[in-house]
>>> print(open('start.cif').read())   # mmCIF, C-alpha atoms
data_final
#
loop_
_atom_site.group_PDB
_atom_site.id
_atom_site.type_symbol
_atom_site.label_atom_id
_atom_site.label_comp_id
_atom_site.auth_asym_id
_atom_site.auth_seq_id
_atom_site.Cartn_x
_atom_site.Cartn_y
_atom_site.Cartn_z
ATOM 1 C CA MET A 680 -47.466 -45.101 27.575
ATOM 2 C CA ILE A 681 -45.827 -42.552 25.340
ATOM 3 C CA ASP A 682 -45.883 -42.999 21.590
ATOM 4 C CA GLU A 683 -42.465 -43.914 20.142
ATOM 5 C CA SER A 684 -42.633 -41.360 17.303
ATOM 6 C CA LEU A 685 -43.623 -38.628 19.731
ATOM 7 C CA LYS A 686 -40.746 -39.679 21.950
ATOM 8 C CA SER A 687 -38.190 -39.381 19.141
ATOM 9 C CA GLU A 688 -39.738 -36.095 18.016
ATOM 10 C CA LEU A 689 -39.415 -34.714 21.545
ATOM 11 C CA SER A 690 -35.840 -35.919 21.877
ATOM 12 C CA LYS A 691 -34.919 -33.956 18.741
ATOM 13 C CA GLN A 692 -36.100 -30.880 20.596
ATOM 14 C CA GLY A 693 -33.968 -31.784 23.587
ATOM 15 C CA ILE A 694 -36.799 -33.160 25.713
ATOM 16 C CA PHE A 695 -36.191 -36.657 26.963
ATOM 17 C CA THR A 696 -39.096 -38.722 28.154
ATOM 18 C CA LEU A 697 -38.646 -41.964 30.020
ATOM 19 C CA LYS A 698 -40.431 -44.264 32.382
ATOM 20 C CA LEU A 699 -39.648 -44.201 36.084
ATOM 21 C CA GLU A 700 -38.375 -47.744 35.719
ATOM 22 C CA GLU A 701 -35.892 -46.683 33.040
ATOM 23 C CA LEU A 702 -34.677 -43.869 35.259
ATOM 24 C CA TYR A 703 -34.261 -46.332 38.106
ATOM 25 C CA ASN A 704 -32.325 -48.789 35.968
ATOM 26 C CA TRP A 705 -30.205 -45.985 34.540
ATOM 27 C CA GLY A 706 -29.220 -45.002 38.055
ATOM 28 C CA ARG A 707 -28.641 -48.604 39.057
ATOM 29 C CA LYS A 708 -26.434 -49.504 36.123
ATOM 30 C CA ASN A 709 -24.266 -46.436 36.572
ATOM 31 C CA SER A 710 -23.562 -46.978 40.245
ATOM 32 C CA VAL A 711 -22.691 -50.638 40.542
ATOM 33 C CA TRP A 712 -20.435 -51.057 43.558
ATOM 34 C CA PRO A 713 -18.218 -54.133 43.402
ATOM 35 C CA LEU A 714 -17.202 -56.122 46.429
ATOM 36 C CA GLN A 715 -13.536 -55.637 47.167
ATOM 37 C CA PHE A 716 -11.970 -59.040 47.154
ATOM 38 C CA GLY A 717 -9.661 -60.949 44.893
ATOM 39 C CA LEU A 718 -8.814 -64.629 44.911
ATOM 40 C CA ALA A 719 -5.796 -64.977 42.635
ATOM 41 C CA CYS A 720 -3.883 -63.360 39.792
ATOM 42 C CA CYS A 721 -7.081 -62.170 38.038
ATOM 43 C CA ALA A 722 -7.451 -59.779 40.948
ATOM 44 C CA ILE A 723 -4.317 -57.974 39.756
ATOM 45 C CA GLU A 724 -6.036 -57.341 36.429
ATOM 46 C CA MET A 725 -9.145 -56.245 38.335
ATOM 47 C CA ILE A 726 -7.007 -53.774 40.290
ATOM 48 C CA ALA A 727 -5.472 -52.566 37.035
ATOM 49 C CA THR A 728 -8.990 -52.042 35.656
ATOM 50 C CA SER A 729 -9.915 -49.863 38.579
ATOM 51 C CA MET A 730 -6.761 -47.748 38.266
ATOM 52 C CA ALA A 731 -6.207 -44.661 36.135
ATOM 53 C CA ARG A 732 -5.138 -46.316 32.882
ATOM 54 C CA TYR A 733 -8.322 -48.343 32.357
ATOM 55 C CA ASP A 734 -10.423 -46.399 34.851
ATOM 56 C CA LEU A 735 -13.493 -48.375 35.852
ATOM 57 C CA ALA A 736 -14.754 -45.109 37.350
ATOM 58 C CA ARG A 737 -15.947 -44.134 33.878
ATOM 59 C CA PHE A 738 -18.721 -46.674 34.405
ATOM 60 C CA GLY A 739 -19.514 -45.611 37.957
ATOM 61 C CA ALA A 740 -18.042 -48.757 39.447
ATOM 62 C CA GLU A 741 -14.900 -47.503 41.118
ATOM 63 C CA VAL A 742 -16.361 -47.724 44.608
ATOM 64 C CA PHE A 743 -14.996 -51.078 45.711
ATOM 65 C CA ARG A 744 -16.678 -51.842 49.021
ATOM 66 C CA PRO A 745 -14.884 -53.842 51.682
ATOM 67 C CA SER A 746 -18.200 -54.985 53.143
ATOM 68 C CA PRO A 747 -20.690 -57.217 51.325
ATOM 69 C CA ARG A 748 -23.524 -55.206 52.891
ATOM 70 C CA GLN A 749 -22.713 -52.276 50.626
ATOM 71 C CA ALA A 750 -21.845 -54.085 47.418
ATOM 72 C CA ASP A 751 -23.995 -54.818 44.349
ATOM 73 C CA LEU A 752 -21.519 -56.773 42.282
ATOM 74 C CA MET A 753 -19.282 -59.674 43.103
ATOM 75 C CA ILE A 754 -16.323 -60.030 40.758
ATOM 76 C CA VAL A 755 -15.052 -63.546 41.361
ATOM 77 C CA ALA A 756 -11.512 -62.769 40.276
ATOM 78 C CA GLY A 757 -9.431 -65.901 40.351
ATOM 79 C CA THR A 758 -9.162 -69.505 41.378
ATOM 80 C CA VAL A 759 -11.881 -70.601 43.772
ATOM 81 C CA THR A 760 -10.427 -73.392 45.832
ATOM 82 C CA LYS A 761 -12.794 -75.764 47.548
ATOM 83 C CA LYS A 762 -11.551 -74.372 50.832
ATOM 84 C CA MET A 763 -12.581 -70.871 49.750
ATOM 85 C CA ALA A 764 -15.870 -71.651 48.005
ATOM 86 C CA PRO A 765 -18.111 -71.630 51.138
ATOM 87 C CA GLN A 766 -16.728 -68.239 52.097
ATOM 88 C CA VAL A 767 -17.404 -66.817 48.629
ATOM 89 C CA ILE A 768 -20.971 -68.119 48.697
ATOM 90 C CA ARG A 769 -21.518 -66.795 52.208
ATOM 91 C CA LEU A 770 -20.295 -63.370 51.100
ATOM 92 C CA TYR A 771 -22.658 -63.526 48.152
ATOM 93 C CA ASN A 772 -25.510 -64.344 50.514
ATOM 94 C CA GLN A 773 -24.639 -61.345 52.633
ATOM 95 C CA MET A 774 -24.858 -58.898 49.746
ATOM 96 C CA PRO A 775 -28.124 -56.980 49.459
ATOM 97 C CA GLU A 776 -30.437 -57.511 46.489
ATOM 98 C CA PRO A 777 -30.338 -56.839 43.585
ATOM 99 C CA LYS A 778 -26.887 -58.351 43.180
ATOM 100 C CA TYR A 779 -24.812 -59.523 40.273
ATOM 101 C CA VAL A 780 -21.840 -61.775 39.711
ATOM 102 C CA ILE A 781 -19.051 -61.575 37.154
ATOM 103 C CA ALA A 782 -16.959 -64.736 36.976
ATOM 104 C CA MET A 783 -13.580 -63.462 35.857
ATOM 105 C CA GLY A 784 -11.059 -65.741 34.255
ATOM 106 C CA ALA A 785 -10.737 -69.372 33.328
ATOM 107 C CA CYS A 786 -10.529 -70.554 36.949
ATOM 108 C CA ALA A 787 -13.654 -68.790 38.117
ATOM 109 C CA ILE A 788 -15.715 -70.012 35.179
ATOM 110 C CA SER A 789 -14.482 -73.596 34.968
ATOM 111 C CA GLY A 790 -11.511 -74.337 37.179
ATOM 112 C CA GLY A 791 -9.129 -73.359 34.397
ATOM 113 C CA PRO A 792 -5.722 -75.062 34.405
ATOM 114 C CA PHE A 793 -6.586 -76.659 37.757
ATOM 115 C CA LYS A 794 -9.726 -78.330 36.451
ATOM 116 C CA GLN A 795 -8.214 -81.795 36.756
ATOM 117 C CA GLY A 796 -7.003 -81.097 40.257
ATOM 118 C CA TYR A 797 -8.628 -82.210 43.464
ATOM 119 C CA ASN A 798 -8.867 -78.936 45.313
ATOM 120 C CA VAL A 799 -10.261 -76.364 42.908
ATOM 121 C CA LEU A 800 -13.917 -75.658 42.333
ATOM 122 C CA LYS A 801 -14.771 -76.212 38.679
ATOM 123 C CA GLY A 802 -16.605 -72.957 38.252
ATOM 124 C CA ILE A 803 -18.329 -70.729 40.789
ATOM 125 C CA ASP A 804 -21.546 -71.040 38.764
ATOM 126 C CA ARG A 805 -22.033 -74.428 40.396
ATOM 127 C CA TYR A 806 -23.230 -72.645 43.516
ATOM 128 C CA ILE A 807 -24.320 -69.110 42.664
ATOM 129 C CA PRO A 808 -25.935 -67.638 39.555
ATOM 130 C CA VAL A 809 -23.320 -65.916 37.401
ATOM 131 C CA ASP A 810 -24.417 -63.064 35.161
ATOM 132 C CA VAL A 811 -21.325 -62.609 33.012
ATOM 133 C CA HIS A 812 -18.494 -65.061 32.363
ATOM 134 C CA ILE A 813 -15.135 -63.764 31.116
ATOM 135 C CA PRO A 814 -12.691 -66.233 29.567
ATOM 136 C CA GLY A 815 -8.965 -65.570 29.745
ATOM 137 C CA CYS A 816 -6.030 -66.473 31.914
ATOM 138 C CA PRO A 817 -6.095 -63.794 33.178
ATOM 139 C CA PRO A 818 -8.496 -61.670 31.128
ATOM 140 C CA ARG A 819 -7.134 -58.275 30.186
ATOM 141 C CA PRO A 820 -8.676 -55.197 31.804
ATOM 142 C CA GLU A 821 -10.484 -54.507 28.533
ATOM 143 C CA ALA A 822 -12.216 -57.863 28.905
ATOM 144 C CA LEU A 823 -13.392 -56.936 32.388
ATOM 145 C CA LEU A 824 -14.602 -53.591 31.074
ATOM 146 C CA HIS A 825 -16.486 -55.418 28.347
ATOM 147 C CA ALA A 826 -18.028 -57.749 30.885
ATOM 148 C CA PHE A 827 -18.994 -54.741 32.916
ATOM 149 C CA MET A 828 -20.677 -53.109 29.936
ATOM 150 C CA THR A 829 -22.491 -56.365 29.242
ATOM 151 C CA LEU A 830 -23.715 -56.374 32.821
ATOM 152 C CA GLN A 831 -24.860 -52.768 32.460
ATOM 153 C CA LYS A 832 -26.885 -53.745 29.394
ATOM 154 C CA LYS A 833 -28.407 -56.570 31.388
ATOM 155 C CA ILE A 834 -29.336 -54.283 34.283
ATOM 156 C CA GLU A 835 -30.824 -51.792 31.852
ATOM 157 C CA GLN A 836 -33.107 -54.452 30.428
ATOM 158 C CA GLN A 837 -34.270 -55.719 33.793
ATOM 159 C CA SER A 838 -37.779 -54.358 33.813
ATOM 160 C CA LEU A 839 -39.204 -54.379 37.304
ATOM 161 C CA THR A 840 -42.438 -56.135 36.402
ATOM 162 C CA SER A 841 -41.588 -58.408 33.495
ATOM 163 C CA GLU A 842 -40.188 -61.927 33.512
ATOM 164 C CA GLN A 843 -36.637 -60.518 33.404
ATOM 165 C CA ARG A 844 -37.105 -58.658 36.678
ATOM 166 C CA PRO A 845 -34.351 -58.889 39.281
ATOM 167 C CA ARG A 846 -34.494 -62.051 41.330
ATOM 168 C CA HIS A 847 -35.504 -60.437 44.605
ATOM 169 C CA LEU A 848 -38.790 -59.250 43.076
ATOM 170 C CA ASP A 849 -39.710 -62.854 42.410
ATOM 171 C CA VAL A 850 -41.505 -64.119 45.507
ATOM 172 C CA ASN A 851 -40.516 -67.717 44.860
ATOM 173 C CA ALA A 852 -36.821 -67.041 44.279
ATOM 174 C CA PRO A 853 -34.525 -67.961 47.152
ATOM 175 C CA SER A 854 -33.085 -65.203 49.280
ATOM 176 C CA GLU A 855 -29.945 -67.170 50.037
ATOM 177 C CA PHE A 856 -28.028 -69.920 48.321
ATOM 178 C CA PRO A 857 -27.014 -72.943 50.384
ATOM 179 C CA VAL A 858 -23.414 -72.830 51.559
ATOM 180 C CA PRO A 859 -21.613 -76.135 50.890
ATOM 181 C CA ARG A 860 -19.911 -78.011 53.716
ATOM 182 C CA TYR A 861 -16.501 -79.654 53.685
ATOM 183 C CA GLY A 862 -17.030 -83.337 53.038
ATOM 184 C CA ALA A 863 -14.603 -86.208 53.190
ATOM 185 C CA HIS A 864 -13.554 -85.905 49.540
ATOM 186 C CA ASP A 865 -15.421 -82.961 48.075
ATOM 187 C CA LEU A 866 -17.756 -80.160 48.975
ATOM 188 C CA GLU A 867 -21.193 -81.359 49.940
ATOM 189 C CA PRO A 868 -23.238 -80.959 47.858
ATOM 190 C CA PRO A 869 -20.825 -80.775 44.885
ATOM 191 C CA ASN A 870 -23.163 -78.305 43.173
ATOM 192 C CA ASN A 871 -26.404 -76.515 43.811
ATOM 193 C CA PRO A 872 -28.902 -78.373 41.588
ATOM 194 C CA ASP A 873 -31.157 -75.308 41.374
ATOM 195 C CA VAL A 874 -28.335 -73.276 39.846
ATOM 196 C CA TRP A 875 -26.232 -75.757 37.896
ATOM 197 C CA GLN A 876 -26.553 -79.334 36.784
ATOM 198 C CA PRO A 877 -23.878 -81.439 35.153
ATOM 199 C CA PRO A 878 -24.283 -81.553 31.369
ATOM 200 C CA VAL A 879 -25.799 -84.747 30.090
ATOM 201 C CA ALA A 880 -24.124 -86.269 27.069
ATOM 202 C CA THR A 881 -26.654 -87.502 24.543
ATOM 203 C CA ARG A 882 -25.783 -89.702 21.610
ATOM 204 C CA THR A 883 -27.185 -88.534 18.300
ATOM 205 C CA GLU A 884 -27.405 -90.915 15.392
ATOM 206 C CA MET B 368 -54.736 -12.092 63.212
ATOM 207 C CA PRO B 369 -53.830 -11.245 59.595
ATOM 208 C CA PRO B 370 -50.553 -12.805 58.422
ATOM 209 C CA ASP B 371 -48.704 -9.526 57.859
ATOM 210 C CA ASN B 372 -49.038 -8.763 61.545
ATOM 211 C CA SER B 373 -46.854 -11.720 62.491
ATOM 212 C CA PRO B 374 -43.241 -11.331 61.329
ATOM 213 C CA TYR B 375 -42.395 -14.885 62.400
ATOM 214 C CA LEU B 376 -44.978 -16.537 60.175
ATOM 215 C CA VAL B 377 -42.599 -16.587 57.232
ATOM 216 C CA ILE B 378 -40.040 -18.433 59.349
ATOM 217 C CA LEU B 379 -42.652 -21.014 60.253
ATOM 218 C CA VAL B 380 -43.514 -21.490 56.575
ATOM 219 C CA LEU B 381 -39.855 -21.872 55.651
ATOM 220 C CA MET B 382 -39.346 -24.319 58.488
ATOM 221 C CA VAL B 383 -42.221 -26.497 57.314
ATOM 222 C CA ALA B 384 -40.849 -26.325 53.769
ATOM 223 C CA ALA B 385 -37.404 -27.342 55.001
ATOM 224 C CA VAL B 386 -38.753 -30.320 56.922
ATOM 225 C CA LEU B 387 -40.815 -31.422 53.928
ATOM 226 C CA PHE B 388 -37.781 -30.982 51.671
ATOM 227 C CA ALA B 389 -35.858 -33.376 53.877
ATOM 228 C CA LEU B 390 -38.645 -35.856 54.508
ATOM 229 C CA THR B 391 -40.086 -36.173 50.999
ATOM 230 C CA PRO B 392 -37.088 -38.008 49.444
ATOM 231 C CA LEU B 393 -36.914 -40.278 52.478
ATOM 232 C CA ALA B 394 -40.619 -41.039 52.226
ATOM 233 C CA LEU B 395 -40.369 -41.669 48.480
ATOM 234 C CA ALA B 396 -37.399 -43.987 49.000
ATOM 235 C CA TRP B 397 -39.335 -45.816 51.712
ATOM 236 C CA ILE B 398 -42.396 -46.269 49.496
ATOM 237 C CA TRP B 399 -40.203 -47.398 46.595
ATOM 238 C CA SER B 400 -38.378 -49.914 48.772
ATOM 239 C CA LYS B 401 -41.685 -51.343 50.032
ATOM 240 C CA LYS B 402 -42.693 -52.096 46.481
ATOM 241 C CA PHE B 403 -39.453 -52.812 44.631
ATOM 242 C CA SER B 404 -37.023 -53.863 47.297
ATOM 243 C CA PRO B 405 -38.816 -56.320 49.565
ATOM 244 C CA ARG B 406 -36.968 -57.594 52.584
ATOM 245 C CA LYS B 407 -35.452 -61.018 52.157
ATOM 246 C CA PRO B 408 -33.571 -61.871 55.306
ATOM 247 C CA GLY B 409 -31.770 -65.121 55.964
ATOM 248 C CA PRO B 410 -29.354 -66.605 58.471
ATOM 249 C CA ASP B 411 -26.291 -65.659 56.407
ATOM 250 C CA LYS B 412 -27.523 -62.187 55.607
ATOM 251 C CA ASN B 413 -28.344 -61.506 59.247
ATOM 252 C CA ALA B 414 -24.983 -62.779 60.444
ATOM 253 C CA ILE B 415 -22.938 -60.176 62.276
ATOM 254 C CA TYR B 416 -19.549 -61.116 60.897
ATOM 255 C CA GLU B 417 -18.959 -60.193 57.272
ATOM 256 C CA CYS B 418 -15.674 -61.638 56.081
ATOM 257 C CA GLY B 419 -17.188 -64.833 54.761
ATOM 258 C CA LEU B 420 -16.325 -66.987 57.744
ATOM 259 C CA GLU B 421 -18.810 -68.065 60.353
ATOM 260 C CA SER B 422 -18.272 -66.568 63.753
ATOM 261 C CA LYS B 423 -17.396 -69.058 66.441
ATOM 262 C CA GLY B 424 -17.923 -68.818 70.169
ATOM 263 C CA ASP B 425 -18.893 -65.844 72.244
ATOM 264 C CA ALA B 426 -17.688 -62.275 71.919
ATOM 265 C CA TRP B 427 -17.766 -61.913 75.716
ATOM 266 C CA ILE B 428 -14.541 -63.723 76.484
ATOM 267 C CA PRO B 429 -12.302 -62.935 79.467
ATOM 268 C CA PHE B 430 -9.410 -60.789 78.313
ATOM 269 C CA LYS B 431 -5.943 -61.559 79.569
ATOM 270 C CA SER B 432 -4.923 -58.672 81.818
ATOM 271 C CA GLU B 433 -1.203 -59.502 81.757
ATOM 272 C CA TYR B 434 -0.544 -57.586 78.623
ATOM 273 C CA TYR B 435 -2.283 -54.584 80.123
ATOM 274 C CA LEU B 436 0.009 -54.578 83.175
ATOM 275 C CA TYR B 437 3.034 -55.024 80.958
ATOM 276 C CA ALA B 438 1.967 -52.065 78.836
ATOM 277 C CA ILE B 439 1.388 -49.864 81.887
ATOM 278 C CA ILE B 440 4.854 -50.630 83.264
ATOM 279 C CA PHE B 441 6.402 -49.994 79.882
ATOM 280 C CA LEU B 442 4.618 -46.664 79.674
ATOM 281 C CA ILE B 443 5.853 -45.588 83.118
ATOM 282 C CA PHE B 444 9.480 -46.362 82.301
ATOM 283 C CA ASP B 445 9.106 -44.785 78.912
ATOM 284 C CA VAL B 446 8.094 -41.545 80.605
ATOM 285 C CA GLU B 447 10.925 -41.955 83.076
ATOM 286 C CA THR B 448 13.386 -41.961 80.177
ATOM 287 C CA VAL B 449 12.025 -38.604 79.083
ATOM 288 C CA PHE B 450 13.060 -37.186 82.479
ATOM 289 C CA LEU B 451 16.293 -39.151 82.771
ATOM 290 C CA LEU B 452 17.800 -37.766 79.594
ATOM 291 C CA PRO B 453 17.740 -34.057 80.601
ATOM 292 C CA PHE B 454 18.744 -35.149 84.117
ATOM 293 C CA ALA B 455 21.852 -36.847 82.735
ATOM 294 C CA VAL B 456 22.695 -33.947 80.405
ATOM 295 C CA SER B 457 22.567 -31.267 83.121
ATOM 296 C CA PHE B 458 23.848 -33.537 85.884
ATOM 297 C CA THR B 459 26.973 -31.504 86.801
ATOM 298 C CA GLY B 460 25.102 -28.196 86.975
ATOM 299 C CA LEU B 461 22.227 -29.397 89.187
ATOM 300 C CA SER B 462 21.376 -27.901 92.575
ATOM 301 C CA ALA B 463 21.054 -30.192 95.581
ATOM 302 C CA ASP B 464 17.216 -29.808 95.640
ATOM 303 C CA ALA B 465 16.880 -30.872 92.025
ATOM 304 C CA PHE B 466 19.231 -33.811 92.546
ATOM 305 C CA ILE B 467 17.326 -35.041 95.597
ATOM 306 C CA SER B 468 13.900 -34.691 93.978
ATOM 307 C CA MET B 469 15.118 -36.616 90.919
ATOM 308 C CA ILE B 470 16.567 -39.348 93.085
ATOM 309 C CA VAL B 471 13.248 -39.613 94.956
ATOM 310 C CA PHE B 472 11.414 -39.856 91.624
ATOM 311 C CA VAL B 473 13.684 -42.635 90.368
ATOM 312 C CA PHE B 474 13.498 -44.369 93.750
ATOM 313 C CA LEU B 475 9.691 -44.405 93.607
ATOM 314 C CA LEU B 476 9.791 -45.952 90.166
ATOM 315 C CA VAL B 477 12.347 -48.555 91.234
ATOM 316 C CA LEU B 478 10.104 -49.339 94.201
ATOM 317 C CA GLY B 479 7.233 -49.901 91.762
ATOM 318 C CA LEU B 480 9.429 -52.099 89.603
ATOM 319 C CA ALA B 481 10.491 -54.149 92.602
ATOM 320 C CA TRP B 482 6.856 -54.542 93.593
ATOM 321 C CA ALA B 483 5.846 -55.652 90.104
ATOM 322 C CA TRP B 484 8.798 -58.050 89.953
ATOM 323 C CA GLN B 485 7.903 -59.521 93.309
ATOM 324 C CA LYS B 486 4.256 -59.899 92.190
ATOM 325 C CA GLY B 487 5.466 -61.878 89.179
ATOM 326 C CA VAL B 488 4.028 -59.466 86.591
ATOM 327 C CA LEU B 489 7.239 -59.474 84.586
ATOM 328 C CA THR B 490 7.220 -63.215 83.953
ATOM 329 C CA TRP B 491 5.075 -63.976 80.913
ATOM 330 C CA LYS B 492 2.768 -66.857 81.615
#
>>> encode(input="start.cif", output="structure tokens")
Amino acid sequence: MIDESLKSELSKQGIFTLKLEELYNWGRKNSVWPLQFGLACCAIEMIATSMARYDLARFGAEVFRPSPRQADLMIVAGTVTKKMAPQVIRLYNQMPEPKYVIAMGACAISGGPFKQGYNVLKGIDRYIPVDVHIPGCPPRPEALLHAFMTLQKKIEQQSLTSEQRPRHLDVNAPSEFPVPRYGAHDLEPPNNPDVWQPPVATRTE
Amino acid sequence: MPPDNSPYLVILVLMVAAVLFALTPLALAWIWSKKFSPRKPGPDKNAIYECGLESKGDAWIPFKSEYYLYAIIFLIFDVETVFLLPFAVSFTGLSADAFISMIVFVFLLVLGLAWAWQKGVLTWK
């Protein structure tokens, strides 16, 4: 373990010292490949983010992959209908570890304007773990960029041996998340209890 | 034998270096993946289809051959058109040999068409 003062002294001389883990995370956070799929109007903003004006390529994330096998990041961009939710979760299951999810827009995080409706999932975080939520209807490309930078910070801090390590390094963590089935009135189960549980209202005196 | 007597020794050394240069990153990546990227397979992850939907049925289904016959006949008459156009353009200046050979060609194709018609290939079932 290198002394912090020695490290800063060396960096003044143009010599950078870092742990292998930091190098690994630096490479990981700068080459996040998103899965190429959009669900609704937020996808238009996602496309705008990847184009020249906002240029997601500055963060190494311009390589939108059409196959989940090659993607690290799922940007859930738009309204997740209950018809679509099993497919989204199956795609997430097919992505290789370590993988991350950005829930983009009001619909993806909570159901948005369709929350009271019968056919829209009230947030994708009911079934899969979401790393970054972005509010907005739709969020501007800057908001997606900010979410992306937040995710990069998170990846950077994911030490490979500590408690914050990526999920796949945890032996007890599940490799796949159960895909809900179409029930008579709702998806079954309506949420994955390991990932999300309905908030409990408590009365305080 | 001393090394300077063998002019090919240096090539051997370079070859070994080249192989090591290629294999070392692969080996390092393999060791790293053993430790920090353990395999976690599952039924969804191992599924062949990757558009989010579950695959249904068998991939080995009988393919309807009708379309294939239709396409073949189309192709033949498409090629015939390529010959018919210059035939029509230079019709008045043709020699008797050329005229007869063209008529035989068209006759053969019409024979094929009649055969296909009689076989019922042209009716879409």
>>> interface_residues(input="start.cif", of="chain B", to="chain A", cutoff="10 Å", atoms="all atoms listed in the file", output="PDB file with C-alpha atoms, keeping the file's coordinate frame")
ATOM      1  CA  LYS B 402     -42.693 -52.096  46.481  1.00  0.00           C
ATOM      2  CA  PHE B 403     -39.453 -52.812  44.631  1.00  0.00           C
ATOM      3  CA  SER B 404     -37.023 -53.863  47.297  1.00  0.00           C
ATOM      4  CA  PRO B 405     -38.816 -56.320  49.565  1.00  0.00           C
ATOM      5  CA  ARG B 406     -36.968 -57.594  52.584  1.00  0.00           C
ATOM      6  CA  LYS B 407     -35.452 -61.018  52.157  1.00  0.00           C
ATOM      7  CA  PRO B 408     -33.571 -61.871  55.306  1.00  0.00           C
ATOM      8  CA  GLY B 409     -31.770 -65.121  55.964  1.00  0.00           C
ATOM      9  CA  PRO B 410     -29.354 -66.605  58.471  1.00  0.00           C
ATOM     10  CA  ASP B 411     -26.291 -65.659  56.407  1.00  0.00           C
ATOM     11  CA  LYS B 412     -27.523 -62.187  55.607  1.00  0.00           C
ATOM     12  CA  ASN B 413     -28.344 -61.506  59.247  1.00  0.00           C
ATOM     13  CA  ALA B 414     -24.983 -62.779  60.444  1.00  0.00           C
ATOM     14  CA  ILE B 415     -22.938 -60.176  62.276  1.00  0.00           C
ATOM     15  CA  TYR B 416     -19.549 -61.116  60.897  1.00  0.00           C
ATOM     16  CA  GLU B 417     -18.959 -60.193  57.272  1.00  0.00           C
ATOM     17  CA  CYS B 418     -15.674 -61.638  56.081  1.00  0.00           C
ATOM     18  CA  GLY B 419     -17.188 -64.833  54.761  1.00  0.00           C
ATOM     19  CA  LEU B 420     -16.325 -66.987  57.744  1.00  0.00           C
ATOM     20  CA  GLU B 421     -18.810 -68.065  60.353  1.00  0.00           C
TER      21      GLU B 421
END
>>> resolve_selection(input="start.cif", expression="the PyMOL selection byres ((chain A and resi 830) around 10)", output="VMD selection string")
chain A and resid 708 711 752 779 to 781 810 to 811 824 to 829 831 to 836
>>> resolve_selection(input="start.cif", expression="the PyMOL selection byres ((chain B and resi 469) around 12)", output="list in words")
Glu447, Phe450, Leu451, Leu452, Pro453, Phe454, Ala455, Phe458, Leu461, Ser462, Ala463, Asp464, Ala465, Phe466, Ile467, Ser468, Ile470, Val471, Phe472, Val473, Phe474, Leu475 and Leu476 of chain B
>>> resolve_selection(input="start.cif", expression="the PyMOL selection byres ((chain A and resi 797) around 10)", output="JSON, numbers by chain")
{"A": [760, 761, 793, 794, 795, 796, 798, 799, 800, 801, 864, 865]}
>>> residues_around(input="start.cif", residues="Pro877 in chain A", least_positions_apart="5", cutoff="12 Å", atoms="only C-alpha atoms", output="ChimeraX atom specification")
/A:801-802,804-805,869-872
>>> residues_around(input="start.cif", residues="Ile440 in chain B", least_positions_apart="4", cutoff="12 Å", atoms="all atoms listed in the file", output="MDAnalysis selection string")
chainID B and resid 433:436 444:447 476:477 479:484 488:489
>>> atom_distance(input="start.cif", atom1="CA of Met730 in chain A", atom2="CA of Gly790 in chain A")
27.0 Å
>>> residues_near_point(input="start.cif", point="(-12.6, -47.7, 47.2)", cutoff="10 Å", atoms="only C-alpha atoms", output="ChimeraX atom specification")
/A:712-715,729,740-745
>>> write_last_selection(input="start.cif", atoms="C-alpha atoms", output="compact mmCIF listing (two decimals), keeping the file's coordinate frame")
# COMPACT_ATOMS: atom_id res chain seq x y z
CA TRP A 712 -20.43 -51.06 43.56
CA PRO A 713 -18.22 -54.13 43.40
CA LEU A 714 -17.20 -56.12 46.43
CA GLN A 715 -13.54 -55.64 47.17
CA SER A 729 -9.91 -49.86 38.58
CA ALA A 740 -18.04 -48.76 39.45
CA GLU A 741 -14.90 -47.50 41.12
CA VAL A 742 -16.36 -47.72 44.61
CA PHE A 743 -15.00 -51.08 45.71
CA ARG A 744 -16.68 -51.84 49.02
CA PRO A 745 -14.88 -53.84 51.68
>>> atom_distance(input="start.cif", atom1="CA of Asn709 in chain A", atom2="CA of Asp751 in chain A")
11.4 Å
>>> atom_distance(input="start.cif", atom1="CA of Ile788 in chain A", atom2="CA of Gly757 in chain A")
9.1 Å
>>> residues_around(input="start.cif", residues="Thr696 in chain A", least_positions_apart="3", cutoff="12 Å", atoms="all atoms listed in the file", output="list in words")
Met680, Ile681, Asp682, Glu683, Ser684, Leu685, Lys686, Ser687, Glu688, Leu689, Ser690, Lys691, Gln692, Gly693, Leu699, Glu700, Glu701 and Leu702 of chain A
